[in-house]
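Peer 1: Below you'll find query-v2.csv; it's CSV, C-alpha atoms (C1' of nucleotides).
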```csv
chain,number,residue,atom,x,y,z
J,29,MET,CA,97.6,115.1,93.6
J,30,THR,CA,97.9,116.6,97.0
J,31,ASP,CA,94.4,116.3,98.3
J,32,GLN,CA,93.1,113.4,100.3
J,33,LEU,CA,90.5,112.2,97.8
J,34,SER,CA,93.1,112.0,95.0
J,35,GLN,CA,95.4,110.1,97.3
J,36,THR,CA,92.7,107.6,98.1
J,37,PHE,CA,91.9,107.1,94.4
J,38,ALA,CA,95.6,106.7,93.6
J,39,ALA,CA,96.0,104.1,96.3
J,40,LEU,CA,93.1,102.1,94.8
J,41,ALA,CA,94.6,102.3,91.3
J,42,ASP,CA,96.8,99.2,91.9
J,43,PRO,CA,95.7,95.6,91.8
J,44,THR,CA,98.2,94.6,94.6
J,45,ARG,CA,96.8,97.2,96.9
J,46,ARG,CA,93.2,96.3,96.2
J,47,ALA,CA,94.1,92.6,96.8
J,48,ILE,CA,95.6,93.6,100.2
J,49,LEU,CA,92.3,95.5,101.0
J,50,ALA,CA,90.3,92.4,100.0
J,51,ARG,CA,92.4,90.3,102.3
J,52,LEU,CA,92.0,92.8,105.2
J,53,ALA,CA,88.3,92.8,104.8
J,54,LYS,CA,88.4,89.3,106.3
J,55,GLY,CA,90.3,90.6,109.3
J,56,GLU,CA,93.7,91.9,110.5
J,57,ALA,CA,96.9,90.6,109.1
J,58,THR,CA,100.6,91.2,109.5
J,59,VAL,CA,102.9,92.4,106.7
J,60,ASN,CA,104.3,88.9,106.1
J,61,GLU,CA,100.9,87.4,105.9
J,62,LEU,CA,99.8,90.1,103.4
J,63,ALA,CA,103.0,89.7,101.3
J,64,GLN,CA,102.7,85.9,101.1
J,65,PRO,CA,100.3,85.7,98.0
J,66,PHE,CA,102.5,88.1,95.9
J,67,HIS,CA,105.5,87.6,93.7
J,68,MET,CA,107.1,90.6,95.2
J,69,SER,CA,109.8,91.5,97.7
J,70,LEU,CA,108.8,92.4,101.3
J,71,PRO,CA,110.0,96.0,101.0
J,72,ALA,CA,107.7,96.4,97.9
J,73,VAL,CA,104.7,95.2,100.0
J,74,SER,CA,105.8,97.5,102.8
J,75,LYS,CA,105.7,100.4,100.4
J,76,HIS,CA,102.2,99.5,99.3
J,77,LEU,CA,101.1,99.4,102.9
J,78,LYS,CA,102.6,102.9,103.4
J,79,VAL,CA,100.6,104.1,100.4
J,80,LEU,CA,97.4,102.6,101.8
J,81,GLU,CA,98.1,104.0,105.3
J,82,LYS,CA,98.7,107.6,103.9
J,83,ALA,CA,95.4,107.2,102.0
J,84,LYS,CA,93.8,106.3,105.3
J,85,LEU,CA,92.6,103.0,103.9
J,86,ILE,CA,94.4,101.0,106.6
J,87,SER,CA,95.8,101.6,110.0
J,88,ARG,CA,98.5,99.8,111.8
J,89,GLY,CA,98.9,98.5,115.3
J,90,ARG,CA,102.0,97.3,117.1
J,91,THR,CA,102.2,94.0,118.9
J,92,ALA,CA,105.8,93.0,119.7
J,93,GLN,CA,107.6,92.8,116.4
J,94,TRP,CA,104.4,92.6,114.3
J,95,ARG,CA,102.6,95.5,112.8
J,96,PRO,CA,99.1,94.2,112.2
J,97,CYS,CA,97.2,96.0,109.5
J,98,ARG,CA,93.5,96.6,109.5
J,99,LEU,CA,91.1,98.0,107.0
J,100,GLU,CA,89.7,101.5,107.7
J,101,PRO,CA,86.3,101.8,106.0
J,102,GLU,CA,86.1,105.6,106.3
J,103,ALA,CA,88.2,106.4,103.2
J,104,LEU,CA,86.0,104.0,101.2
J,105,LYS,CA,82.9,105.7,102.6
J,106,THR,CA,84.4,109.0,101.3
J,107,ILE,CA,84.8,107.5,97.8
J,108,ASP,CA,81.2,106.2,98.0
J,109,GLY,CA,80.1,109.7,99.0
J,110,TRP,CA,81.9,111.2,96.0
J,111,LEU,CA,80.3,108.6,93.7
J,112,GLY,CA,76.9,109.4,95.2
J,113,ASP,CA,76.8,112.7,93.2
J,114,TYR,CA,76.9,110.7,90.0
J,115,ARG,CA,74.8,107.7,91.0
J,116,SER,CA,71.6,109.0,89.4
J,117,LEU,CA,73.5,109.1,86.0
J,118,TRP,CA,73.4,105.4,85.7
J,119,GLU,CA,70.4,104.6,87.9
J,120,HIS,CA,68.1,106.8,86.0
J,121,ARG,CA,69.6,106.2,82.6
J,122,LEU,CA,66.7,104.1,81.4
J,123,ASP,CA,64.2,106.6,82.9
J,124,ARG,CA,65.8,109.4,80.9
J,125,LEU,CA,65.8,107.4,77.7
J,126,GLU,CA,62.1,106.7,78.3
J,127,ASP,CA,61.6,110.5,78.9
J,128,TYR,CA,63.4,111.2,75.7
J,129,LEU,CA,61.3,108.7,73.7
J,130,ALA,CA,58.2,110.1,75.2
J,131,THR,CA,59.3,113.6,74.2
J,132,LEU,CA,59.9,112.4,70.6
J,133,LYS,CA,56.4,110.9,70.5
J,134,THR,CA,54.8,114.1,71.8
J,135,GLU,CA,56.6,116.1,69.2
J,136,GLU,CA,55.4,113.7,66.5
J,137,GLU,CA,51.8,114.2,67.7
J,138,GLU,CA,52.3,117.9,67.7
J,139,GLU,CA,53.4,117.9,64.1
J,140,GLN,CA,50.4,115.9,63.1
J,141,LYS,CA,48.0,118.5,64.4
X,12,MET,CA,98.4,99.0,86.5
X,13,THR,CA,97.3,97.4,83.2
X,14,ASP,CA,93.7,96.4,84.1
X,15,GLN,CA,90.6,98.5,83.4
X,16,LEU,CA,89.7,99.1,87.1
X,17,SER,CA,93.1,100.4,88.0
X,18,GLN,CA,93.0,102.7,85.0
X,19,THR,CA,89.7,104.1,86.1
X,20,PHE,CA,90.9,104.6,89.6
X,21,ALA,CA,94.1,106.3,88.3
X,22,ALA,CA,92.0,108.6,86.1
X,23,LEU,CA,90.0,109.7,89.1
X,24,ALA,CA,93.1,110.4,91.2
X,25,ASP,CA,93.4,113.9,89.8
X,26,PRO,CA,91.4,116.9,90.9
X,27,THR,CA,91.5,118.5,87.4
X,28,ARG,CA,90.0,115.3,85.9
X,29,ARG,CA,87.4,115.0,88.6
X,30,ALA,CA,86.4,118.7,88.0
X,31,ILE,CA,86.1,117.9,84.3
X,32,LEU,CA,83.8,115.0,85.1
X,33,ALA,CA,81.7,117.3,87.4
X,34,ARG,CA,81.4,119.7,84.5
X,35,LEU,CA,80.4,117.0,82.1
X,36,ALA,CA,77.7,115.8,84.5
X,37,LYS,CA,75.8,118.9,83.5
X,38,GLY,CA,76.1,118.1,79.8
X,39,GLU,CA,78.4,117.8,76.8
X,40,ALA,CA,81.2,120.3,76.4
X,41,THR,CA,84.1,121.0,74.0
X,42,VAL,CA,87.7,120.9,74.9
X,43,ASN,CA,88.0,124.7,75.0
X,44,GLU,CA,84.9,124.9,77.3
X,45,LEU,CA,86.4,122.3,79.6
X,46,ALA,CA,89.8,123.9,79.7
X,47,GLN,CA,88.5,127.4,80.4
X,48,PRO,CA,88.3,127.1,84.3
X,49,PHE,CA,91.9,125.8,84.6
X,50,HIS,CA,95.3,127.6,84.9
X,51,MET,CA,96.7,125.1,82.4
X,52,SER,CA,97.6,124.9,78.8
X,53,LEU,CA,95.2,123.4,76.3
X,54,PRO,CA,97.5,120.5,75.5
X,55,ALA,CA,97.5,119.6,79.2
X,56,VAL,CA,93.7,119.5,79.3
X,57,SER,CA,93.8,117.5,76.0
X,58,LYS,CA,96.0,114.9,77.8
X,59,HIS,CA,93.7,114.7,80.8
X,60,LEU,CA,90.8,114.1,78.4
X,61,LYS,CA,92.8,111.3,76.8
X,62,VAL,CA,93.3,109.7,80.2
X,63,LEU,CA,89.6,110.0,80.9
X,64,GLU,CA,88.8,108.5,77.5
X,65,LYS,CA,91.1,105.5,78.0
X,66,ALA,CA,89.5,104.9,81.4
X,67,LYS,CA,86.2,104.9,79.5
X,68,LEU,CA,84.9,107.7,81.8
X,69,ILE,CA,84.2,109.9,78.8
X,70,SER,CA,83.6,109.5,75.1
X,71,ARG,CA,84.1,111.9,72.3
X,72,GLY,CA,82.1,112.9,69.3
X,73,ARG,CA,83.1,114.9,66.3
X,74,THR,CA,81.2,117.9,65.1
X,75,ALA,CA,83.1,120.0,62.5
X,76,GLN,CA,86.3,121.1,64.3
X,77,TRP,CA,84.9,120.4,67.8
X,78,ARG,CA,85.3,117.2,69.7
X,79,PRO,CA,82.4,117.3,72.2
X,80,CYS,CA,83.0,115.2,75.3
X,81,ARG,CA,80.4,113.4,77.3
X,82,LEU,CA,80.4,111.5,80.5
X,83,GLU,CA,80.1,107.8,80.3
X,84,PRO,CA,78.6,106.5,83.6
X,85,GLU,CA,79.4,102.8,83.0
X,86,ALA,CA,83.0,103.1,84.4
X,87,LEU,CA,81.6,104.9,87.5
X,88,LYS,CA,79.1,102.1,87.9
X,89,THR,CA,82.0,99.7,87.8
X,90,ILE,CA,83.7,101.6,90.7
X,91,ASP,CA,80.4,101.5,92.5
X,92,GLY,CA,80.2,97.8,92.0
X,93,TRP,CA,83.7,97.3,93.4
X,94,LEU,CA,82.9,99.4,96.4
X,95,GLY,CA,79.7,97.4,96.9
X,96,ASP,CA,81.8,94.5,98.3
X,97,TYR,CA,83.0,96.7,101.1
X,98,ARG,CA,79.8,98.7,101.7
X,99,SER,CA,78.7,96.6,104.7
X,100,LEU,CA,81.9,97.4,106.5
X,101,TRP,CA,80.9,101.0,107.1
X,102,GLU,CA,77.1,100.6,107.0
X,103,HIS,CA,77.1,98.0,109.8
X,104,ARG,CA,79.9,99.6,111.7
X,105,LEU,CA,77.6,101.1,114.3
X,106,ASP,CA,75.7,97.8,114.5
X,107,ARG,CA,78.9,96.0,115.3
X,108,LEU,CA,79.8,98.6,117.9
X,109,GLU,CA,76.4,98.1,119.5
X,110,ASP,CA,76.9,94.3,119.4
X,111,TYR,CA,80.3,94.8,121.1
X,112,LEU,CA,78.8,97.0,123.8
X,113,ALA,CA,76.0,94.5,124.3
X,114,THR,CA,78.6,91.7,124.7
X,115,LEU,CA,80.5,93.7,127.2
X,116,LYS,CA,77.4,94.3,129.2
X,117,THR,CA,76.5,90.6,129.1
X,118,GLU,CA,79.9,89.7,130.3
X,119,GLU,CA,79.6,92.1,133.2
X,120,GLU,CA,76.3,90.5,134.1
X,121,GLU,CA,77.9,87.1,134.0
X,122,GLU,CA,80.6,88.2,136.3
X,123,GLN,CA,78.2,89.4,138.9
X,124,LYS,CA,76.4,86.1,139.1
S,11,DG,C1',93.4,129.5,48.5
S,12,DC,C1',94.4,131.9,52.9
S,13,DT,C1',93.0,132.7,57.6
S,14,DT,C1',90.9,131.6,61.7
S,15,DT,C1',89.4,128.4,65.2
S,16,DA,C1',89.6,123.9,67.6
S,17,DT,C1',92.3,120.4,68.9
S,18,DT,C1',96.2,117.2,68.9
S,19,DT,C1',101.0,115.7,68.4
S,20,DA,C1',106.1,116.2,69.2
S,21,DG,C1',109.7,116.9,72.0
S,22,DC,C1',111.2,118.2,76.2
S,23,DT,C1',111.7,118.4,81.6
S,24,DA,C1',110.8,117.4,86.4
S,25,DA,C1',108.8,114.7,89.7
S,26,DA,C1',106.5,110.5,91.4
S,27,DA,C1',105.7,105.5,91.4
S,28,DA,C1',106.9,100.7,91.6
S,29,DG,C1',110.2,97.6,91.9
S,30,DT,C1',115.0,95.7,93.2
S,31,DT,C1',118.9,94.3,96.8
S,32,DA,C1',121.5,95.4,100.9
S,33,DA,C1',121.6,97.3,105.3
S,34,DT,C1',119.2,98.6,109.6
S,35,DT,C1',116.0,98.7,113.5
S,36,DA,C1',113.2,96.4,116.9
S,37,DA,C1',111.6,92.9,119.7
S,38,DC,C1',111.6,88.2,121.2
S,39,DT,C1',114.1,83.7,122.5
S,40,DA,C1',117.5,80.5,124.0
O,2,DT,C1',124.5,88.3,124.9
O,3,DA,C1',124.1,86.2,120.5
O,4,DG,C1',120.8,84.8,117.2
O,5,DT,C1',116.2,84.8,114.9
O,6,DT,C1',112.1,86.9,113.1
O,7,DA,C1',109.4,90.9,111.5
O,8,DA,C1',109.4,94.9,109.2
O,9,DT,C1',111.4,99.2,107.6
O,10,DT,C1',114.9,102.4,105.4
O,11,DA,C1',118.5,103.5,102.0
O,12,DA,C1',120.1,103.8,97.6
O,13,DC,C1',119.4,102.8,93.1
O,14,DT,C1',116.9,102.0,88.4
O,15,DT,C1',113.1,102.2,85.2
O,16,DT,C1',108.7,103.7,83.8
O,17,DT,C1',104.9,106.8,84.0
O,18,DT,C1',102.8,111.2,84.8
O,19,DA,C1',101.9,116.1,84.5
O,20,DG,C1',103.2,120.0,82.8
O,21,DC,C1',105.3,123.2,79.2
O,22,DT,C1',106.1,125.5,74.3
O,23,DA,C1',106.1,125.1,69.5
O,24,DA,C1',104.5,122.8,65.5
O,25,DA,C1',101.0,120.2,62.9
O,26,DT,C1',96.3,118.9,61.5
O,27,DA,C1',91.4,119.6,60.4
O,28,DA,C1',87.5,121.9,59.2
O,29,DA,C1',85.1,126.5,58.3
O,30,DG,C1',84.5,130.9,56.5
O,31,DC,C1',85.8,134.6,53.8
```
Just dump the structure as structure tokens.
Peer 2:
Amino acid sequence: MTDQLSQTFAALADPTRRAILARLAKGEATVNELAQPFHMSLPAVSKHLKVLEKAKLISRGRTAQWRPCRLEPEALKTIDGWLGDYRSLWEHRLDRLEDYLATLKTEEEEEQK
Amino acid sequence: MTDQLSQTFAALADPTRRAILARLAKGEATVNELAQPFHMSLPAVSKHLKVLEKAKLISRGRTAQWRPCRLEPEALKTIDGWLGDYRSLWEHRLDRLEDYLATLKTEEEEEQK
DNA sequence: GCTTTATTTAGCTAAAAAGTTAATTAACTA
DNA sequence: TAGTTAATTAACTTTTTAGCTAAATAAAGC
């Protein structure tokens, strides 16, 4: 799990981290603000943020003693791109079923000749 | 990491497993066929398949001594759905940059009055 | 029934992940 | 400068993950 894509997927494989991202979608927040909804120590949240940062899902500024976090959509866009290769599998699923049924019907007609 | 979405993300956070999915996108395959490209023991591949199966990314049939695997697009569709909530963040990024530049320009004009 | 082929399970090891509390760093504030 | 607030780092524990080899199971084929 050394590549960037794996790291991003791994970062997303945790409900706490996804909740943090959901919060950041509404705008920047500090570590304390992000930690507030969770039954978890601050260092634990800090670690989650480090994971998200390494995965390039967030970036962090520095304003006095605060380290405001913001969402970085690029990594999500990369996931979306990866998914793109598979999208037709579910989008055209019905089409392919219809194709298949059409094929069956044709074969049936062939047999009757 | 007990929920289904986390499990799916975790399953995708491994290059071997993603390669297996890429192979299965081309059609069903047996465990041996799937294992063939990797420098890895068969039990290791078997474990990866179990992870993918638990994540509902694949399902497995049973034909004699073979256990053919096939891709199940539903779990990927779920990921796509989750991503959907964030899609506007990168799709409208340029728009927002343009908005921002427009704002700057307007402010400049205001100052010159 | 014995052998081969396909795959999984058992039992092990090493490394990574997720959490804890206590201590530390950094910057502001009185 | 001493104290407060924000956040991180250190040190530790527990659980999970990814790999291995060797053994077991399951079905087929002679």
Peer 1: Compute the set of chain O residues within 10 Å of chain J, using only C-alpha atoms (C1' of nucleotides), and express it as a PyMOL selection string.
Peer 2: chain O and resi 6-10
Peer 1: Tell me as number ranges by chain which residues belonging to chain S come within 8 Å of chain J, counting only C-alpha atoms (C1' of nucleotides).
Peer 2: S: 28-29, 36-38
Peer 1: Find the residues near Ala30 in chain X: any atom within 10 Å, counting all atoms listed in the file, skip ones fewer than 6 places away on the same chain, and give them as an MDAnalysis selection string.
Peer 2: chainID X and resid 23 36 45 48:49
Peer 1: For chain J against chain X, with a cut-off of 10 Å and counting all atoms listed in the file, what is the closest atom pair and its distance in Å to one decimal for every residue that makes the cut, ordered by chain and number, as CSV?
Peer 2:
```
residue,atom,partner,partner_atom,distance
J:Met29,CA,X:Asp25,CA,5.8
J:Thr30,CA,X:Asp25,CA,8.9
J:Asp31,CA,X:Pro26,CA,8.0
J:Gln32,CA,X:Ala24,CA,9.6
J:Leu33,CA,X:Ala24,CA,7.3
J:Ser34,CA,X:Ala24,CA,4.1
J:Gln35,CA,X:Ala24,CA,6.5
J:Thr36,CA,X:Ala24,CA,7.5
J:Phe37,CA,X:Ala24,CA,4.8
J:Ala38,CA,X:Ala24,CA,5.1
J:Ala39,CA,X:Phe20,CA,8.4
J:Leu40,CA,X:Phe20,CA,6.2
J:Ala41,CA,X:Ser17,CA,4.1
J:Asp42,CA,X:Ser17,CA,5.5
J:Pro43,CA,X:Ser17,CA,6.7
J:Thr44,CA,X:Met12,CA,9.2
J:Arg46,CA,X:Ser17,CA,9.2
J:Leu49,CA,X:Tyr97,CA,9.4
J:Ala50,CA,X:Tyr97,CA,8.5
J:Ala53,CA,X:Tyr97,CA,7.5
J:Leu99,CA,X:Leu100,CA,9.2
J:Glu100,CA,X:Trp101,CA,8.8
J:Pro101,CA,X:Trp101,CA,5.6
J:Glu102,CA,X:Trp101,CA,7.0
J:Ala103,CA,X:Trp101,CA,9.9
J:Leu104,CA,X:Leu94,CA,7.3
J:Lys105,CA,X:Trp101,CA,6.8
J:Ile107,CA,X:Leu94,CA,8.4
J:Asp108,CA,X:Leu94,CA,7.2
J:Trp110,CA,X:Arg29,CA,10.0
J:Leu111,CA,X:Asp91,CA,7.2
J:Gly112,CA,X:Asp91,CA,9.1
J:Asp113,CA,X:Ala33,CA,8.9
J:Tyr114,CA,X:Ala36,CA,7.5
J:Arg115,CA,X:Lys88,CA,7.7
J:Ser116,CA,X:Pro84,CA,9.4
J:Leu117,CA,X:Pro84,CA,6.2
J:Trp118,CA,X:Pro84,CA,5.7
J:Glu119,CA,X:Lys88,CA,9.1
J:Arg121,CA,X:Pro84,CA,9.1
```
Peer 1: Using C-alpha atoms, can you write the selected residues to a file as an mmCIF file, in the coordinates of the input?
Peer 2:
```cif
data_model
loop_
_atom_site.group_PDB
_atom_site.id
_atom_site.type_symbol
_atom_site.label_atom_id
_atom_site.label_comp_id
_atom_site.auth_asym_id
_atom_site.auth_seq_id
_atom_site.Cartn_x
_atom_site.Cartn_y
_atom_site.Cartn_z
ATOM 1 C CA MET J 29 97.600 115.100 93.600
ATOM 2 C CA THR J 30 97.900 116.600 97.000
ATOM 3 C CA ASP J 31 94.400 116.300 98.300
ATOM 4 C CA GLN J 32 93.100 113.400 100.300
ATOM 5 C CA LEU J 33 90.500 112.200 97.800
ATOM 6 C CA SER J 34 93.100 112.000 95.000
ATOM 7 C CA GLN J 35 95.400 110.100 97.300
ATOM 8 C CA THR J 36 92.700 107.600 98.100
ATOM 9 C CA PHE J 37 91.900 107.100 94.400
ATOM 10 C CA ALA J 38 95.600 106.700 93.600
ATOM 11 C CA ALA J 39 96.000 104.100 96.300
ATOM 12 C CA LEU J 40 93.100 102.100 94.800
ATOM 13 C CA ALA J 41 94.600 102.300 91.300
ATOM 14 C CA ASP J 42 96.800 99.200 91.900
ATOM 15 C CA PRO J 43 95.700 95.600 91.800
ATOM 16 C CA THR J 44 98.200 94.600 94.600
ATOM 17 C CA ARG J 46 93.200 96.300 96.200
ATOM 18 C CA LEU J 49 92.300 95.500 101.000
ATOM 19 C CA ALA J 50 90.300 92.400 100.000
ATOM 20 C CA ALA J 53 88.300 92.800 104.800
ATOM 21 C CA LEU J 99 91.100 98.000 107.000
ATOM 22 C CA GLU J 100 89.700 101.500 107.700
ATOM 23 C CA PRO J 101 86.300 101.800 106.000
ATOM 24 C CA GLU J 102 86.100 105.600 106.300
ATOM 25 C CA ALA J 103 88.200 106.400 103.200
ATOM 26 C CA LEU J 104 86.000 104.000 101.200
ATOM 27 C CA LYS J 105 82.900 105.700 102.600
ATOM 28 C CA ILE J 107 84.800 107.500 97.800
ATOM 29 C CA ASP J 108 81.200 106.200 98.000
ATOM 30 C CA TRP J 110 81.900 111.200 96.000
ATOM 31 C CA LEU J 111 80.300 108.600 93.700
ATOM 32 C CA GLY J 112 76.900 109.400 95.200
ATOM 33 C CA ASP J 113 76.800 112.700 93.200
ATOM 34 C CA TYR J 114 76.900 110.700 90.000
ATOM 35 C CA ARG J 115 74.800 107.700 91.000
ATOM 36 C CA SER J 116 71.600 109.000 89.400
ATOM 37 C CA LEU J 117 73.500 109.100 86.000
ATOM 38 C CA TRP J 118 73.400 105.400 85.700
ATOM 39 C CA GLU J 119 70.400 104.600 87.900
ATOM 40 C CA ARG J 121 69.600 106.200 82.600
#
```
Peer 1: So how many Å separate CA of Ala46 in chain X and C1' of DA25 in chain O, to one decimal?
Peer 2: 20.5 Å
Peer 1: Could you work out how far C1' of DA16 in chain S lies from C1' of DC21 in chain O, giving the answer in Å with one decimal?
Peer 2: 19.5 Å
Peer 1: Within 12 Å of DC13 in chain O, counting all atoms listed in the file, which residues qualify if same-chain residues fewer than 4 places away don't, as a ChimeraX atom specification?
Peer 2: /S:29-32
Peer 1: What does the distance from CA of Ser70 in chain X to CA of Gln47 in chain X come to in Å, to one decimal?
Peer 2: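 Interatomic distance here is 19.3 Å.
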Peer 1: Compile the contact shell of Glu61 in chain J as an MDAnalysis selection string: residues with an atom at most 10 Å away, counting all atoms listed in the file, same-chain residues fewer than 4 positions apart removed.
Peer 2: chainID J and resid 48 51 56:57 65 96
